[in-house]
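Undergrad: You'll find target.cif just under this line, and it carries mmCIF, N, CA, C and O atoms.
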data_structure
#
loop_
_atom_site.label_atom_id
_atom_site.label_comp_id
_atom_site.auth_asym_id
_atom_site.auth_seq_id
_atom_site.Cartn_x
_atom_site.Cartn_y
_atom_site.Cartn_z
N MET S 218 82.62 -10.03 189.25
CA MET S 218 82.05 -11.18 189.92
C MET S 218 81.64 -12.21 188.87
O MET S 218 81.01 -11.88 187.89
N SER S 219 81.96 -13.42 189.12
CA SER S 219 81.64 -14.51 188.20
C SER S 219 80.32 -15.16 188.62
O SER S 219 80.10 -15.43 189.80
N TYR S 220 79.47 -15.39 187.64
CA TYR S 220 78.17 -16.00 187.90
C TYR S 220 78.15 -17.41 187.36
O TYR S 220 78.73 -17.71 186.32
N SER S 221 77.43 -18.27 188.03
CA SER S 221 77.26 -19.63 187.52
C SER S 221 76.20 -19.61 186.42
O SER S 221 75.42 -18.67 186.30
N THR S 222 76.18 -20.66 185.67
CA THR S 222 75.20 -20.78 184.59
C THR S 222 73.79 -20.72 185.16
O THR S 222 72.92 -20.06 184.59
N GLN S 223 73.57 -21.36 186.26
CA GLN S 223 72.24 -21.37 186.88
C GLN S 223 71.82 -19.97 187.30
O GLN S 223 70.66 -19.59 187.12
N GLU S 224 72.73 -19.19 187.84
CA GLU S 224 72.41 -17.81 188.25
C GLU S 224 72.08 -16.96 187.03
O GLU S 224 71.16 -16.13 187.08
N ILE S 225 72.80 -17.15 185.94
CA ILE S 225 72.53 -16.39 184.72
C ILE S 225 71.15 -16.76 184.18
O ILE S 225 70.35 -15.88 183.82
N LEU S 226 70.85 -18.05 184.13
CA LEU S 226 69.57 -18.51 183.60
C LEU S 226 68.38 -18.07 184.44
O LEU S 226 67.27 -17.96 183.93
N GLN S 227 68.60 -17.79 185.71
CA GLN S 227 67.52 -17.35 186.59
C GLN S 227 67.48 -15.84 186.78
O GLN S 227 66.62 -15.33 187.48
N SER S 228 68.39 -15.14 186.14
CA SER S 228 68.42 -13.68 186.26
C SER S 228 67.17 -13.07 185.64
O SER S 228 66.77 -13.43 184.53
N PRO S 229 66.53 -12.12 186.34
CA PRO S 229 65.31 -11.49 185.79
C PRO S 229 65.56 -10.79 184.45
O PRO S 229 64.72 -10.85 183.55
N SER S 230 66.70 -10.14 184.30
CA SER S 230 66.98 -9.45 183.04
C SER S 230 67.21 -10.45 181.90
O SER S 230 66.78 -10.22 180.77
N PHE S 231 67.84 -11.58 182.21
CA PHE S 231 68.04 -12.61 181.20
C PHE S 231 66.70 -13.23 180.80
O PHE S 231 66.44 -13.45 179.61
N LEU S 232 65.85 -13.48 181.77
CA LEU S 232 64.53 -14.03 181.48
C LEU S 232 63.68 -13.04 180.66
O LEU S 232 62.93 -13.46 179.77
N ALA S 233 63.82 -11.76 180.95
CA ALA S 233 63.10 -10.74 180.17
C ALA S 233 63.59 -10.73 178.72
O ALA S 233 62.79 -10.59 177.79
N LEU S 234 64.90 -10.88 178.53
CA LEU S 234 65.46 -10.95 177.18
C LEU S 234 64.92 -12.16 176.43
O LEU S 234 64.49 -12.05 175.28
N LEU S 235 64.91 -13.31 177.08
CA LEU S 235 64.39 -14.52 176.44
C LEU S 235 62.91 -14.37 176.06
O LEU S 235 62.50 -14.77 174.97
N LYS S 236 62.13 -13.78 176.95
CA LYS S 236 60.70 -13.58 176.69
C LYS S 236 60.49 -12.63 175.51
O LYS S 236 59.66 -12.88 174.63
N ALA S 237 61.24 -11.54 175.49
CA ALA S 237 61.12 -10.57 174.40
C ALA S 237 61.51 -11.20 173.06
O ALA S 237 60.81 -11.02 172.06
N ARG S 238 62.62 -11.94 173.04
CA ARG S 238 63.05 -12.60 171.81
C ARG S 238 62.00 -13.60 171.34
O ARG S 238 61.69 -13.67 170.15
N ARG S 239 61.45 -14.38 172.27
CA ARG S 239 60.43 -15.36 171.90
C ARG S 239 59.19 -14.68 171.31
O ARG S 239 58.67 -15.10 170.28
N ASN S 240 58.75 -13.60 171.95
CA ASN S 240 57.55 -12.90 171.47
C ASN S 240 57.77 -12.32 170.08
O ASN S 240 56.88 -12.40 169.23
N VAL S 241 58.94 -11.72 169.86
CA VAL S 241 59.23 -11.15 168.54
C VAL S 241 59.27 -12.25 167.49
O VAL S 241 58.69 -12.12 166.41
N ARG S 242 59.94 -13.34 167.80
CA ARG S 242 60.06 -14.44 166.84
C ARG S 242 58.71 -15.07 166.51
O ARG S 242 58.42 -15.36 165.36
N ILE S 243 57.89 -15.29 167.52
CA ILE S 243 56.57 -15.89 167.29
C ILE S 243 55.72 -14.95 166.44
O ILE S 243 55.07 -15.38 165.49
N THR S 244 55.73 -13.67 166.76
CA THR S 244 54.94 -12.70 166.00
C THR S 244 55.38 -12.65 164.54
O THR S 244 54.55 -12.70 163.63
N MET S 245 56.68 -12.58 164.31
CA MET S 245 57.18 -12.50 162.94
C MET S 245 56.90 -13.79 162.17
O MET S 245 56.54 -13.75 160.99
N THR S 246 57.02 -14.93 162.84
CA THR S 246 56.73 -16.20 162.18
C THR S 246 55.26 -16.30 161.81
O THR S 246 54.92 -16.71 160.70
N LEU S 247 54.39 -15.88 162.72
CA LEU S 247 52.95 -15.92 162.42
C LEU S 247 52.58 -14.98 161.28
O LEU S 247 51.75 -15.33 160.43
N LEU S 248 53.19 -13.82 161.23
CA LEU S 248 52.94 -12.89 160.12
C LEU S 248 53.40 -13.49 158.79
O LEU S 248 52.70 -13.39 157.78
N SER S 249 54.56 -14.11 158.79
CA SER S 249 55.07 -14.73 157.57
C SER S 249 54.17 -15.88 157.11
O SER S 249 53.80 -15.96 155.94
N LEU S 250 53.85 -16.78 158.05
CA LEU S 250 53.00 -17.91 157.69
C LEU S 250 51.61 -17.46 157.24
O LEU S 250 51.05 -18.03 156.31
N SER S 251 51.07 -16.45 157.89
CA SER S 251 49.75 -15.94 157.50
C SER S 251 49.79 -15.37 156.09
O SER S 251 48.87 -15.59 155.29
N SER S 252 50.85 -14.65 155.79
CA SER S 252 50.98 -14.07 154.46
C SER S 252 51.07 -15.16 153.40
O SER S 252 50.38 -15.10 152.37
N TYR S 253 51.91 -16.16 153.64
CA TYR S 253 52.03 -17.25 152.68
C TYR S 253 50.72 -18.02 152.55
O TYR S 253 50.31 -18.37 151.44
N ALA S 254 50.08 -18.30 153.67
CA ALA S 254 48.82 -19.04 153.63
C ALA S 254 47.75 -18.26 152.87
O ALA S 254 47.00 -18.84 152.07
N PHE S 255 47.67 -16.96 153.11
CA PHE S 255 46.70 -16.13 152.42
C PHE S 255 46.98 -16.14 150.91
O PHE S 255 46.07 -16.28 150.09
N PHE S 256 48.24 -16.01 150.53
CA PHE S 256 48.61 -15.98 149.13
C PHE S 256 48.34 -17.32 148.45
O PHE S 256 47.69 -17.38 147.41
N VAL S 257 48.81 -18.41 149.05
CA VAL S 257 48.61 -19.73 148.46
C VAL S 257 47.12 -20.09 148.45
O VAL S 257 46.60 -20.62 147.47
N GLY S 258 46.42 -19.79 149.55
CA GLY S 258 44.99 -20.02 149.59
C GLY S 258 44.25 -19.23 148.52
O GLY S 258 43.31 -19.73 147.89
N GLY S 259 44.69 -18.00 148.30
CA GLY S 259 44.08 -17.18 147.25
C GLY S 259 44.30 -17.76 145.87
O GLY S 259 43.40 -17.79 145.03
N ILE S 260 45.50 -18.27 145.64
CA ILE S 260 45.79 -18.88 144.34
C ILE S 260 44.94 -20.13 144.14
O ILE S 260 44.42 -20.37 143.04
N VAL S 261 44.79 -20.93 145.19
CA VAL S 261 44.00 -22.16 145.09
C VAL S 261 42.52 -21.84 144.87
O VAL S 261 41.87 -22.44 144.01
N LEU S 262 41.99 -20.91 145.64
CA LEU S 262 40.56 -20.62 145.57
C LEU S 262 40.17 -19.70 144.41
O LEU S 262 39.05 -19.77 143.91
N TYR S 263 41.09 -18.82 144.00
CA TYR S 263 40.78 -17.84 142.96
C TYR S 263 41.77 -17.93 141.81
O TYR S 263 42.26 -16.92 141.31
N LYS S 264 42.05 -19.17 141.37
CA LYS S 264 43.06 -19.36 140.33
C LYS S 264 42.70 -18.66 139.03
O LYS S 264 43.57 -18.16 138.33
N ASP S 265 41.43 -18.60 138.70
CA ASP S 265 41.03 -17.92 137.47
C ASP S 265 41.31 -16.41 137.56
O ASP S 265 41.74 -15.80 136.58
N TRP S 266 41.07 -15.83 138.72
CA TRP S 266 41.34 -14.40 138.89
C TRP S 266 42.84 -14.13 138.83
O TRP S 266 43.28 -13.18 138.20
N PHE S 267 43.65 -14.96 139.51
CA PHE S 267 45.09 -14.78 139.48
C PHE S 267 45.66 -14.99 138.08
O PHE S 267 46.69 -14.42 137.73
N ALA S 268 44.99 -15.82 137.26
CA ALA S 268 45.46 -16.08 135.90
C ALA S 268 44.97 -15.04 134.90
O ALA S 268 45.49 -14.95 133.79
N SER S 269 43.99 -14.24 135.30
CA SER S 269 43.46 -13.24 134.38
C SER S 269 44.46 -12.11 134.17
O SER S 269 45.28 -11.82 135.04
N PRO S 270 44.41 -11.47 132.99
CA PRO S 270 45.36 -10.38 132.72
C PRO S 270 45.13 -9.20 133.67
O PRO S 270 44.01 -8.92 134.09
N ILE S 271 46.21 -8.50 133.95
CA ILE S 271 46.15 -7.36 134.88
C ILE S 271 45.29 -6.23 134.30
O ILE S 271 44.56 -5.57 135.03
N VAL S 272 45.37 -6.02 133.01
CA VAL S 272 44.49 -5.10 132.28
C VAL S 272 44.14 -5.78 130.95
O VAL S 272 44.83 -6.69 130.51
N ASP S 273 43.09 -5.33 130.33
CA ASP S 273 42.68 -5.92 129.05
C ASP S 273 43.80 -5.83 128.03
O ASP S 273 44.44 -4.78 127.88
N GLY S 274 44.05 -6.94 127.38
CA GLY S 274 45.08 -6.98 126.34
C GLY S 274 46.49 -7.21 126.87
O GLY S 274 47.43 -7.29 126.10
N SER S 275 46.65 -7.32 128.16
CA SER S 275 47.98 -7.53 128.75
C SER S 275 48.29 -9.02 128.83
O SER S 275 47.40 -9.84 128.98
N SER S 276 49.57 -9.35 128.70
CA SER S 276 49.96 -10.75 128.85
C SER S 276 50.45 -11.03 130.27
O SER S 276 50.85 -12.14 130.59
N ILE S 277 50.41 -10.02 131.15
CA ILE S 277 50.85 -10.18 132.53
C ILE S 277 49.63 -10.53 133.39
O ILE S 277 48.69 -9.75 133.50
N PRO S 278 49.65 -11.71 134.03
CA PRO S 278 48.52 -12.09 134.88
C PRO S 278 48.57 -11.38 136.23
O PRO S 278 49.62 -10.90 136.66
N VAL S 279 47.46 -11.32 136.90
CA VAL S 279 47.35 -10.69 138.21
C VAL S 279 48.29 -11.36 139.22
O VAL S 279 48.79 -10.71 140.15
N GLY S 280 48.56 -12.64 139.04
CA GLY S 280 49.42 -13.37 139.96
C GLY S 280 50.83 -12.83 140.05
O GLY S 280 51.48 -12.94 141.10
N ILE S 281 51.34 -12.24 138.98
CA ILE S 281 52.72 -11.70 139.00
C ILE S 281 52.84 -10.53 139.97
O ILE S 281 53.70 -10.56 140.86
N PRO S 282 52.00 -9.48 139.86
CA PRO S 282 52.11 -8.40 140.85
C PRO S 282 51.78 -8.86 142.27
O PRO S 282 52.36 -8.37 143.24
N ALA S 283 50.86 -9.83 142.40
CA ALA S 283 50.54 -10.36 143.73
C ALA S 283 51.76 -11.03 144.33
O ALA S 283 52.06 -10.86 145.52
N THR S 284 52.49 -11.78 143.53
CA THR S 284 53.71 -12.43 144.00
C THR S 284 54.75 -11.40 144.41
O THR S 284 55.42 -11.54 145.44
N ILE S 285 54.89 -10.37 143.61
CA ILE S 285 55.85 -9.29 143.93
C ILE S 285 55.47 -8.62 145.24
O ILE S 285 56.34 -8.31 146.06
N LEU S 286 54.18 -8.41 145.48
CA LEU S 286 53.74 -7.82 146.74
C LEU S 286 54.08 -8.71 147.94
O LEU S 286 54.50 -8.21 148.99
N VAL S 287 53.92 -10.02 147.78
CA VAL S 287 54.27 -10.94 148.86
C VAL S 287 55.77 -10.88 149.13
O VAL S 287 56.20 -10.85 150.29
N ILE S 288 56.58 -10.83 148.08
CA ILE S 288 58.03 -10.73 148.24
C ILE S 288 58.40 -9.43 148.95
O ILE S 288 59.22 -9.43 149.88
N ILE S 289 57.79 -8.33 148.56
CA ILE S 289 58.04 -7.04 149.20
C ILE S 289 57.63 -7.10 150.68
O ILE S 289 58.34 -6.58 151.55
N PHE S 290 56.51 -7.74 150.96
CA PHE S 290 56.07 -7.87 152.34
C PHE S 290 57.07 -8.68 153.16
O PHE S 290 57.39 -8.33 154.30
N MET S 291 57.60 -9.75 152.59
CA MET S 291 58.60 -10.57 153.31
C MET S 291 59.89 -9.79 153.57
O MET S 291 60.47 -9.88 154.65
N VAL S 292 60.33 -9.02 152.60
CA VAL S 292 61.52 -8.19 152.78
C VAL S 292 61.25 -7.13 153.86
O VAL S 292 62.11 -6.86 154.70
N THR S 293 60.06 -6.57 153.86
CA THR S 293 59.68 -5.59 154.88
C THR S 293 59.67 -6.23 156.27
O THR S 293 60.14 -5.62 157.24
N LEU S 294 59.17 -7.45 156.37
CA LEU S 294 59.20 -8.16 157.66
C LEU S 294 60.63 -8.39 158.13
O LEU S 294 60.91 -8.25 159.32
N GLN S 295 61.52 -8.71 157.21
CA GLN S 295 62.92 -8.89 157.57
C GLN S 295 63.51 -7.58 158.09
O GLN S 295 64.26 -7.57 159.07
N TYR S 296 63.17 -6.47 157.44
CA TYR S 296 63.66 -5.17 157.88
C TYR S 296 63.12 -4.85 159.28
O TYR S 296 63.85 -4.39 160.15
N ILE S 297 61.84 -5.11 159.49
CA ILE S 297 61.24 -4.84 160.80
C ILE S 297 61.90 -5.68 161.88
O ILE S 297 62.20 -5.18 162.97
N TYR S 298 62.16 -6.95 161.58
CA TYR S 298 62.82 -7.81 162.56
C TYR S 298 64.22 -7.28 162.89
O TYR S 298 64.62 -7.24 164.05
N THR S 299 64.95 -6.87 161.86
CA THR S 299 66.29 -6.33 162.08
C THR S 299 66.23 -5.05 162.90
O THR S 299 67.03 -4.85 163.82
N LYS S 300 65.27 -4.20 162.61
CA LYS S 300 65.11 -2.94 163.34
C LYS S 300 64.76 -3.21 164.81
O LYS S 300 65.32 -2.58 165.72
N ILE S 301 63.84 -4.15 165.05
CA ILE S 301 63.48 -4.50 166.43
C ILE S 301 64.69 -5.07 167.16
O ILE S 301 64.94 -4.75 168.32
N SER S 302 65.44 -5.92 166.47
CA SER S 302 66.64 -6.50 167.08
C SER S 302 67.64 -5.42 167.46
O SER S 302 68.20 -5.43 168.56
N ASP S 303 67.88 -4.50 166.55
CA ASP S 303 68.86 -3.43 166.80
C ASP S 303 68.40 -2.48 167.90
O ASP S 303 69.19 -2.09 168.76
N ASP S 304 67.14 -2.09 167.86
CA ASP S 304 66.65 -1.05 168.77
C ASP S 304 66.16 -1.57 170.12
O ASP S 304 66.12 -0.82 171.09
N TYR S 305 65.78 -2.83 170.19
CA TYR S 305 65.16 -3.33 171.41
C TYR S 305 65.89 -4.54 171.99
O TYR S 305 66.33 -4.52 173.14
N LEU S 306 66.05 -5.58 171.19
CA LEU S 306 66.64 -6.81 171.72
C LEU S 306 68.12 -6.65 172.04
O LEU S 306 68.60 -7.17 173.06
N ASP S 307 68.86 -5.94 171.20
CA ASP S 307 70.28 -5.71 171.48
C ASP S 307 70.48 -4.87 172.74
O ASP S 307 71.44 -5.06 173.48
N VAL S 308 69.56 -3.95 172.98
CA VAL S 308 69.62 -3.13 174.20
C VAL S 308 69.40 -4.01 175.43
O VAL S 308 70.11 -3.88 176.43
N LEU S 309 68.42 -4.91 175.34
CA LEU S 309 68.18 -5.83 176.46
C LEU S 309 69.39 -6.74 176.68
O LEU S 309 69.77 -7.01 177.82
N GLN S 310 69.98 -7.19 175.60
CA GLN S 310 71.15 -8.06 175.72
C GLN S 310 72.33 -7.32 176.36
O GLN S 310 73.03 -7.87 177.21
N ALA S 311 72.54 -6.08 175.96
CA ALA S 311 73.61 -5.28 176.56
C ALA S 311 73.34 -5.07 178.06
O ALA S 311 74.29 -5.09 178.86
N LYS S 312 72.08 -4.88 178.41
CA LYS S 312 71.72 -4.70 179.82
C LYS S 312 72.05 -5.97 180.63
O LYS S 312 72.58 -5.89 181.73
N VAL S 313 71.74 -7.12 180.05
CA VAL S 313 72.05 -8.39 180.72
C VAL S 313 73.55 -8.54 180.89
O VAL S 313 74.03 -8.90 181.96
N LYS S 314 74.30 -8.25 179.84
CA LYS S 314 75.77 -8.36 179.92
C LYS S 314 76.33 -7.43 180.97
O LYS S 314 77.22 -7.81 181.75
N LYS S 315 75.81 -6.21 181.01
CA LYS S 315 76.31 -5.24 181.99
C LYS S 315 75.95 -5.67 183.41
O LYS S 315 76.76 -5.61 184.31
N GLU S 316 74.72 -6.09 183.57
CA GLU S 316 74.22 -6.50 184.90
C GLU S 316 75.00 -7.70 185.44
O GLU S 316 75.32 -7.77 186.62
N LEU S 317 75.30 -8.64 184.54
CA LEU S 317 75.97 -9.85 184.97
C LEU S 317 77.49 -9.78 184.75
O LEU S 317 78.19 -10.77 184.97
N SER S 318 77.96 -8.65 184.29
CA SER S 318 79.40 -8.44 184.02
C SER S 318 79.98 -9.52 183.13
O SER S 318 81.02 -10.10 183.44
N LEU S 319 79.29 -9.78 182.04
CA LEU S 319 79.76 -10.83 181.10
C LEU S 319 80.63 -10.21 180.02
O LEU S 319 80.52 -9.17 179.58
#
Could the structure of this file be written out as structure tokens, please?
TA:
Amino acid sequence: MSYSTQEILQSPSFLALLKARRNVRITMTLLSLSSYAFFVGGIVLYKDWFASPIVDGSSIPVGIPATILVIIFMVTLQYIYTKISDDYLDVLQAKVKKELSL
């Protein structure tokens, strides 16, 4: 059976997919922005601490490992988004395709 665009856009399963995708995207974006804001705000407010050596006599400032942690956190967020997409959003999309015979 062929569906019109309007019927697809009003389908409950399609609307559920759109809502789930929006919620995941908003959550991941807020986590990313919060992480960057916290890091940049920390550098601005505590620049002396970030510039201080990680241990006495070291030439590596605290800011280097902090930056690495932010990068690791961003990569982890990307992995989580991919995992959610594979395990949840793709399943919803397949359900919509099956339901609407697309």
Undergrad: For a quick check of understanding, using all atoms listed in the file, which of S:Thr244, S:Leu234, S:Thr222, S:Ser318 has the smallest distance to Tyr305 of chain S?
TA: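 Of the candidates, the smallest distance to Tyr305 of chain S is held by S:Leu234.
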Undergrad: With distances taken over all atoms listed in the file, which of S:Trp266, S:Phe256, S:Tyr220, S:Phe231 is nearest to Val313 of chain S?
TA: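 When distances to Val313 of chain S are compared using all atoms listed in the file, the smallest one comes from S:Phe231.
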Undergrad: For Tyr263 of chain S, which residue out of S:Arg242, S:Leu248, S:Gly280, S:Asp303 is the nearest one, using only N, CA, C and O atoms?
TA: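 Selected residue with least distance to Tyr263 of chain S: S:Gly280.
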Undergrad: Do a neighbour search on Asp265 of chain S at 8 Å with all atoms listed in the file, toss out local chain neighbours closer than 4 positions, and write the hits as a list of chain:residue names.
TA: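 In the requested format, the answer is S:Gly259, S:Ile260, S:Val261, S:Ser269, S:Pro270, S:Pro278, S:Val279, S:Gly280.
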Undergrad: Keeping only N, CA, C and O atoms, write the selected residues as a tab-separated table (two decimals), keeping the file's coordinate frame.
TA:
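Full text of selection_10.tsv as output:
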chain	number	residue	atom	x	y	z
S	259	GLY	N	44.69	-18.00	148.30
S	259	GLY	CA	44.08	-17.18	147.25
S	259	GLY	C	44.30	-17.76	145.87
S	259	GLY	O	43.40	-17.79	145.03
S	260	ILE	N	45.50	-18.27	145.64
S	260	ILE	CA	45.79	-18.88	144.34
S	260	ILE	C	44.94	-20.13	144.14
S	260	ILE	O	44.42	-20.37	143.04
S	261	VAL	N	44.79	-20.93	145.19
S	261	VAL	CA	44.00	-22.16	145.09
S	261	VAL	C	42.52	-21.84	144.87
S	261	VAL	O	41.87	-22.44	144.01
S	269	SER	N	43.99	-14.24	135.30
S	269	SER	CA	43.46	-13.24	134.38
S	269	SER	C	44.46	-12.11	134.17
S	269	SER	O	45.28	-11.82	135.04
S	270	PRO	N	44.41	-11.47	132.99
S	270	PRO	CA	45.36	-10.38	132.72
S	270	PRO	C	45.13	-9.20	133.67
S	270	PRO	O	44.01	-8.92	134.09
S	278	PRO	N	49.65	-11.71	134.03
S	278	PRO	CA	48.52	-12.09	134.88
S	278	PRO	C	48.57	-11.38	136.23
S	278	PRO	O	49.62	-10.90	136.66
S	279	VAL	N	47.46	-11.32	136.90
S	279	VAL	CA	47.35	-10.69	138.21
S	279	VAL	C	48.29	-11.36	139.22
S	279	VAL	O	48.79	-10.71	140.15
S	280	GLY	N	48.56	-12.64	139.04
S	280	GLY	CA	49.42	-13.37	139.96
S	280	GLY	C	50.83	-12.83	140.05
S	280	GLY	O	51.48	-12.94	141.10
Undergrad: Expand the PyMOL selection byres (((chain S and resi 316 and name CA) around 12) and name CA) into the explicit residue set it covers here, and present it as a list in words.
TA: Met218, Ser219, Tyr220, Glu224, Ile225, Ser228, Pro229, Ser230, Phe231, Leu309, Gln310, Ala311, Lys312, Val313, Lys314, Lys315, Leu317, Ser318 and Leu319 of chain S
Undergrad: So the first atom is atom CA of Asp307 of chain S and the second is atom CA of Asn240 of chain S; what is the distance between them in Å, to one decimal place?
TA: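 Those two atoms sit 14.6 Å apart.
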Undergrad: Which value, in Å to one decimal, gives the distance between atom C of Gln223 of chain S and atom O of Ala237 of chain S?
TA: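 These two atoms are separated by 20.8 Å.
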Undergrad: Determine the nearest neighbour of Met245 of chain S from the options S:Asp304, S:Phe267, S:Tyr298, S:Ser275, counting only N, CA, C and O atoms.
TA: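 Of S:Asp304, S:Phe267, S:Tyr298, S:Ser275, the one nearest Met245 of chain S, counting only N, CA, C and O atoms, is S:Tyr298.
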Undergrad: Would you list the residues near (49.5, -14.0, 150.8), meaning any protein, DNA or RNA residue with an atom at most 9 Å from that point in file coordinates, counting only C-alpha atoms, as a ChimeraX atom specification?
TA: /S:249-260,283-284,286-287
Undergrad: Emit the selected residues as a JSON list (two decimals), keeping the file's coordinate frame, including N, CA, C and O atoms.
TA:
[["chain", "number", "residue", "atom", "x", "y", "z"],
["S", 249, "SER", "N", 54.56, -14.11, 158.79],
["S", 249, "SER", "CA", 55.07, -14.73, 157.57],
["S", 249, "SER", "C", 54.17, -15.88, 157.11],
["S", 249, "SER", "O", 53.80, -15.96, 155.94],
["S", 250, "LEU", "N", 53.85, -16.78, 158.05],
["S", 250, "LEU", "CA", 53.00, -17.91, 157.69],
["S", 250, "LEU", "C", 51.61, -17.46, 157.24],
["S", 250, "LEU", "O", 51.05, -18.03, 156.31],
["S", 251, "SER", "N", 51.07, -16.45, 157.89],
["S", 251, "SER", "CA", 49.75, -15.94, 157.50],
["S", 251, "SER", "C", 49.79, -15.37, 156.09],
["S", 251, "SER", "O", 48.87, -15.59, 155.29],
["S", 252, "SER", "N", 50.85, -14.65, 155.79],
["S", 252, "SER", "CA", 50.98, -14.07, 154.46],
["S", 252, "SER", "C", 51.07, -15.16, 153.40],
["S", 252, "SER", "O", 50.38, -15.10, 152.37],
["S", 253, "TYR", "N", 51.91, -16.16, 153.64],
["S", 253, "TYR", "CA", 52.03, -17.25, 152.68],
["S", 253, "TYR", "C", 50.72, -18.02, 152.55],
["S", 253, "TYR", "O", 50.31, -18.37, 151.44],
["S", 254, "ALA", "N", 50.08, -18.30, 153.67],
["S", 254, "ALA", "CA", 48.82, -19.04, 153.63],
["S", 254, "ALA", "C", 47.75, -18.26, 152.87],
["S", 254, "ALA", "O", 47.00, -18.84, 152.07],
["S", 255, "PHE", "N", 47.67, -16.96, 153.11],
["S", 255, "PHE", "CA", 46.70, -16.13, 152.42],
["S", 255, "PHE", "C", 46.98, -16.14, 150.91],
["S", 255, "PHE", "O", 46.07, -16.28, 150.09],
["S", 256, "PHE", "N", 48.24, -16.01, 150.53],
["S", 256, "PHE", "CA", 48.61, -15.98, 149.13],
["S", 256, "PHE", "C", 48.34, -17.32, 148.45],
["S", 256, "PHE", "O", 47.69, -17.38, 147.41],
["S", 257, "VAL", "N", 48.81, -18.41, 149.05],
["S", 257, "VAL", "CA", 48.61, -19.73, 148.46],
["S", 257, "VAL", "C", 47.12, -20.09, 148.45],
["S", 257, "VAL", "O", 46.60, -20.62, 147.47],
["S", 258, "GLY", "N", 46.42, -19.79, 149.55],
["S", 258, "GLY", "CA", 44.99, -20.02, 149.59],
["S", 258, "GLY", "C", 44.25, -19.23, 148.52],
["S", 258, "GLY", "O", 43.31, -19.73, 147.89],
["S", 259, "GLY", "N", 44.69, -18.00, 148.30],
["S", 259, "GLY", "CA", 44.08, -17.18, 147.25],
["S", 259, "GLY", "C", 44.30, -17.76, 145.87],
["S", 259, "GLY", "O", 43.40, -17.79, 145.03],
["S", 260, "ILE", "N", 45.50, -18.27, 145.64],
["S", 260, "ILE", "CA", 45.79, -18.88, 144.34],
["S", 260, "ILE", "C", 44.94, -20.13, 144.14],
["S", 260, "ILE", "O", 44.42, -20.37, 143.04],
["S", 283, "ALA", "N", 50.86, -9.83, 142.40],
["S", 283, "ALA", "CA", 50.54, -10.36, 143.73],
["S", 283, "ALA", "C", 51.76, -11.03, 144.33],
["S", 283, "ALA", "O", 52.06, -10.86, 145.52],
["S", 284, "THR", "N", 52.49, -11.78, 143.53],
["S", 284, "THR", "CA", 53.71, -12.43, 144.00],
["S", 284, "THR", "C", 54.75, -11.40, 144.41],
["S", 284, "THR", "O", 55.42, -11.54, 145.44],
["S", 286, "LEU", "N", 54.18, -8.41, 145.48],
["S", 286, "LEU", "CA", 53.74, -7.82, 146.74],
["S", 286, "LEU", "C", 54.08, -8.71, 147.94],
["S", 286, "LEU", "O", 54.50, -8.21, 148.99],
["S", 287, "VAL", "N", 53.92, -10.02, 147.78],
["S", 287, "VAL", "CA", 54.27, -10.94, 148.86],
["S", 287, "VAL", "C", 55.77, -10.88, 149.13],
["S", 287, "VAL", "O", 56.20, -10.85, 150.29]]
Undergrad: Could you jot down the atom CA of Ala268 of chain S to atom CA of Phe290 of chain S separation for me, Å, one decimal place?
TA: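 Atom CA of Phe290 of chain S lies at a distance of 21.2 Å from atom CA of Ala268 of chain S.
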